[in-house]
Amino acid sequence: MTSPLLWYLNRGTGVVLVVVFTLTVVLGVLATGRGVSRWWPRFVTQGLHRALASLSVLLLLAHALVAVVDEYVDIRWWQTVVPFGSTYEPLWLGLGTVALDLTVVVVATSLARARLPHRLWFLVHLTTYAAWLLGVVHGLGIGTDADLGWSVVLTATCVGVVVLAGLSRLIGVTLGRRRAERERWDADERSVGVVAGGSR
Ligand code: HEM
């Protein structure tokens, strides 16, 4: 089966997917960071993060399904999970497939989060950055609209927003570690003072 509608659907879901995926990543960063207040509690950010993550998965499934159903180009169902095996744009399509595989693992570990060690869940969750980046590069490489002005501006905005969010998280983690070290050091100093004062 083939029709221009399927092609438009594939392109449209791809573009919307990059935007929703970007918002999901940013809200994930905000949900773990300190961007909370009495008027904007953490559970609101976390709820939005989960809702957008679910929407991303639905869009990704629809995007890949339409690519397979549209027979104008030869993409088999298994090529949505096994990367680099297609005759059509093997590299660019393969990057999208790896992004899908990573997303499946992230979703599966998030559903089983309560039964997994926190560190394992967290390390797997970090691969979301890689999935997002691979998805963006896939779109740039394979997209019909990728070099149109609006598409360039949209992609650049998404990249800028995720880079800013990632940097703010890195800075937050580094400052948090420094603060903890200083507090530990202060506590050690105080206990040495108490021992020295007590022995007089
Ligand atoms: C996180 C994963 C993915 C993201 C973020 C993503 C995003 C995108 C974007 C932004 C485009 C460009 C649309 C345009 O400008 O025309 C695109 C195109 C495309 N994607 Fe994906 N995609 C992903 C995964 C996949 C997968 C798994 C498949 C199927 C195996 C796939 C198949 C295609 C195809 C065939 C096109 C070309 C559409 C055209 O002719 O322009 N994508 N994708």
# chains A, B, ... in the order shown; residues from 1 in each chain; ligands from 1
>>> closest_atom_pairs(of="chain A", to="ligand 1", cutoff="6 Å", atoms="only C-alpha atoms and all ligand atoms", output="tab-separated table")
residue	atom	partner	partner_atom_place_in_ligand_line	distance
A:Asn10	CA	ligand 1	38 (C)	5.6
A:Arg11	CA	ligand 1	13 (C)	3.9
A:Gly14	CA	ligand 1	8 (C)	3.6
A:Val15	CA	ligand 1	10 (C)	4.1
A:Leu17	CA	ligand 1	5 (C)	5.5
A:Val18	CA	ligand 1	5 (C)	4.7
A:Ala64	CA	ligand 1	29 (C)	4.1
A:Ala67	CA	ligand 1	35 (C)	4.9
A:Gln79	CA	ligand 1	30 (C)	5.7
A:Thr80	CA	ligand 1	30 (C)	3.8
A:Leu93	CA	ligand 1	31 (C)	5.9
A:Gly96	CA	ligand 1	24 (C)	3.7
A:Thr97	CA	ligand 1	27 (C)	4.1
A:Ala99	CA	ligand 1	1 (C)	4.7
A:Leu100	CA	ligand 1	2 (C)	5.1
A:Trp132	CA	ligand 1	1 (C)	5.9
A:Gly135	CA	ligand 1	5 (C)	3.6
A:Val136	CA	ligand 1	5 (C)	5.5
A:Gly139	CA	ligand 1	9 (C)	3.6
A:Ile142	CA	ligand 1	37 (C)	5.2
A:Gly143	CA	ligand 1	12 (C)	3.6
A:Thr144	CA	ligand 1	41 (O)	3.7
A:Asp145	CA	ligand 1	15 (O)	3.7
A:Ala146	CA	ligand 1	15 (O)	4.4
>>> residues_around(residues="Leu5 of chain A", least_positions_apart="6", cutoff="12 Å", atoms="only C-alpha atoms", output="compact mmCIF listing (two decimals) with N, CA and C atoms, in the first residue's frame")
# COMPACT_ATOMS: atom_id res chain seq x y z
N ARG A 11 6.33 11.85 7.87
CA ARG A 11 7.11 13.08 8.08
C ARG A 11 6.57 13.88 9.27
N GLY A 12 5.24 13.99 9.32
CA GLY A 12 4.60 14.77 10.39
C GLY A 12 4.88 14.17 11.76
N THR A 13 4.70 12.85 11.88
CA THR A 13 4.94 12.22 13.20
C THR A 13 6.42 12.35 13.57
N VAL A 66 3.94 3.57 10.17
CA VAL A 66 3.60 4.19 8.88
C VAL A 66 4.73 3.97 7.87
N ALA A 67 6.00 4.03 8.37
CA ALA A 67 7.16 3.81 7.48
C ALA A 67 7.12 2.40 6.88
N VAL A 69 4.25 0.41 6.64
CA VAL A 69 3.03 0.22 5.84
C VAL A 69 3.17 0.86 4.45
N ASP A 70 3.83 2.01 4.39
CA ASP A 70 4.01 2.70 3.09
C ASP A 70 5.04 1.94 2.24
N TYR A 72 6.06 2.52 -0.67
CA TYR A 72 6.79 3.32 -1.67
C TYR A 72 8.30 3.10 -1.53
>>> closest_residue(among="A:Glu71, A:Phe84, A:Val57, A:Thr24", to="Pro4 of chain A", atoms="only C-alpha atoms")
A:Glu71
>>> select_by_dssp(residues="segment 3-200 of chain A", states="alpha helix (DSSP H)", output="ChimeraX atom specification")
/A:4-32,42-69,90-111,118-142,149-198
>>> closest_residue(among="A:Leu23, A:Val68, A:Leu123, A:Val195", to="Thr109 of chain A", atoms="only C-alpha atoms")
A:Leu123
>>> residues_around(residues="segment 124-127 of chain A", least_positions_apart="5", cutoff="10 Å", atoms="only C-alpha atoms", output="list in words")
Val25, Gly28, Ala99, Leu102, Thr103, Val105, Val106, Val107, Thr109, Ser110, Arg119, Trp132 and Leu133 of chain A
>>> write_last_selection(atoms="C-alpha atoms", output="mmCIF file, in the first residue's frame")
data_model
loop_
_atom_site.group_PDB
_atom_site.id
_atom_site.type_symbol
_atom_site.label_atom_id
_atom_site.label_comp_id
_atom_site.auth_asym_id
_atom_site.auth_seq_id
_atom_site.Cartn_x
_atom_site.Cartn_y
_atom_site.Cartn_z
ATOM 1 C CA VAL A 25 13.938 15.073 28.217
ATOM 2 C CA GLY A 28 12.920 14.764 33.118
ATOM 3 C CA ALA A 99 16.880 5.156 19.037
ATOM 4 C CA LEU A 102 17.039 2.293 23.405
ATOM 5 C CA THR A 103 13.600 3.813 24.022
ATOM 6 C CA VAL A 105 14.769 -0.559 27.062
ATOM 7 C CA VAL A 106 14.255 2.765 28.904
ATOM 8 C CA VAL A 107 10.463 2.260 28.983
ATOM 9 C CA THR A 109 13.197 -0.513 32.951
ATOM 10 C CA SER A 110 10.974 2.385 34.016
ATOM 11 C CA ARG A 119 21.623 2.839 40.057
ATOM 12 C CA TRP A 132 17.106 11.555 21.602
ATOM 13 C CA LEU A 133 20.361 12.495 19.816
#
>>> closest_residue(among="A:Ala196, A:Asp188, A:Ala112, A:Tyr88", to="Ile75 of chain A", atoms="only C-alpha atoms")
A:Tyr88
>>> closest_residue(among="A:Ala187, A:Val29, A:Val153, A:Val163", to="Gln46 of chain A", atoms="only C-alpha atoms")
A:Val29
>>> residues_around(residues="Val161 of chain A", least_positions_apart="4", cutoff="10 Å", atoms="only C-alpha atoms", output="list of chain:residue names")
A:Thr22, A:Leu23, A:Val25, A:Val26, A:Thr155, A:Ala156, A:Thr157, A:Ala165, A:Gly166, A:Leu167
>>> atom_distance(atom1="atom CA of Leu148 of chain A", atom2="atom CA of Leu60 of chain A")
22.2 Å
>>> residues_around(residues="Thr32 of chain A", least_positions_apart="5", cutoff="9 Å", atoms="only C-alpha atoms", output="MDAnalysis selection string")
chainID A and resid 27 42 46 169
>>> write_last_selection(atoms="N, CA and C atoms", output="tab-separated table (two decimals), in the first residue's frame")
chain	number	residue	atom	x	y	z
A	27	LEU	N	11.74	17.99	30.76
A	27	LEU	CA	10.94	17.83	31.98
A	27	LEU	C	11.56	16.78	32.90
A	42	ARG	N	7.11	19.16	42.60
A	42	ARG	CA	7.84	18.19	41.78
A	42	ARG	C	6.90	17.18	41.11
A	46	GLN	N	6.90	15.71	37.35
A	46	GLN	CA	7.07	14.28	37.10
A	46	GLN	C	5.88	13.71	36.31
A	169	ARG	N	21.86	20.52	34.57
A	169	ARG	CA	21.87	19.32	35.42
A	169	ARG	C	23.30	19.01	35.88
>>> atom_distance(atom1="atom CA of Leu91 of chain A", atom2="atom CA of Leu6 of chain A")
22.0 Å
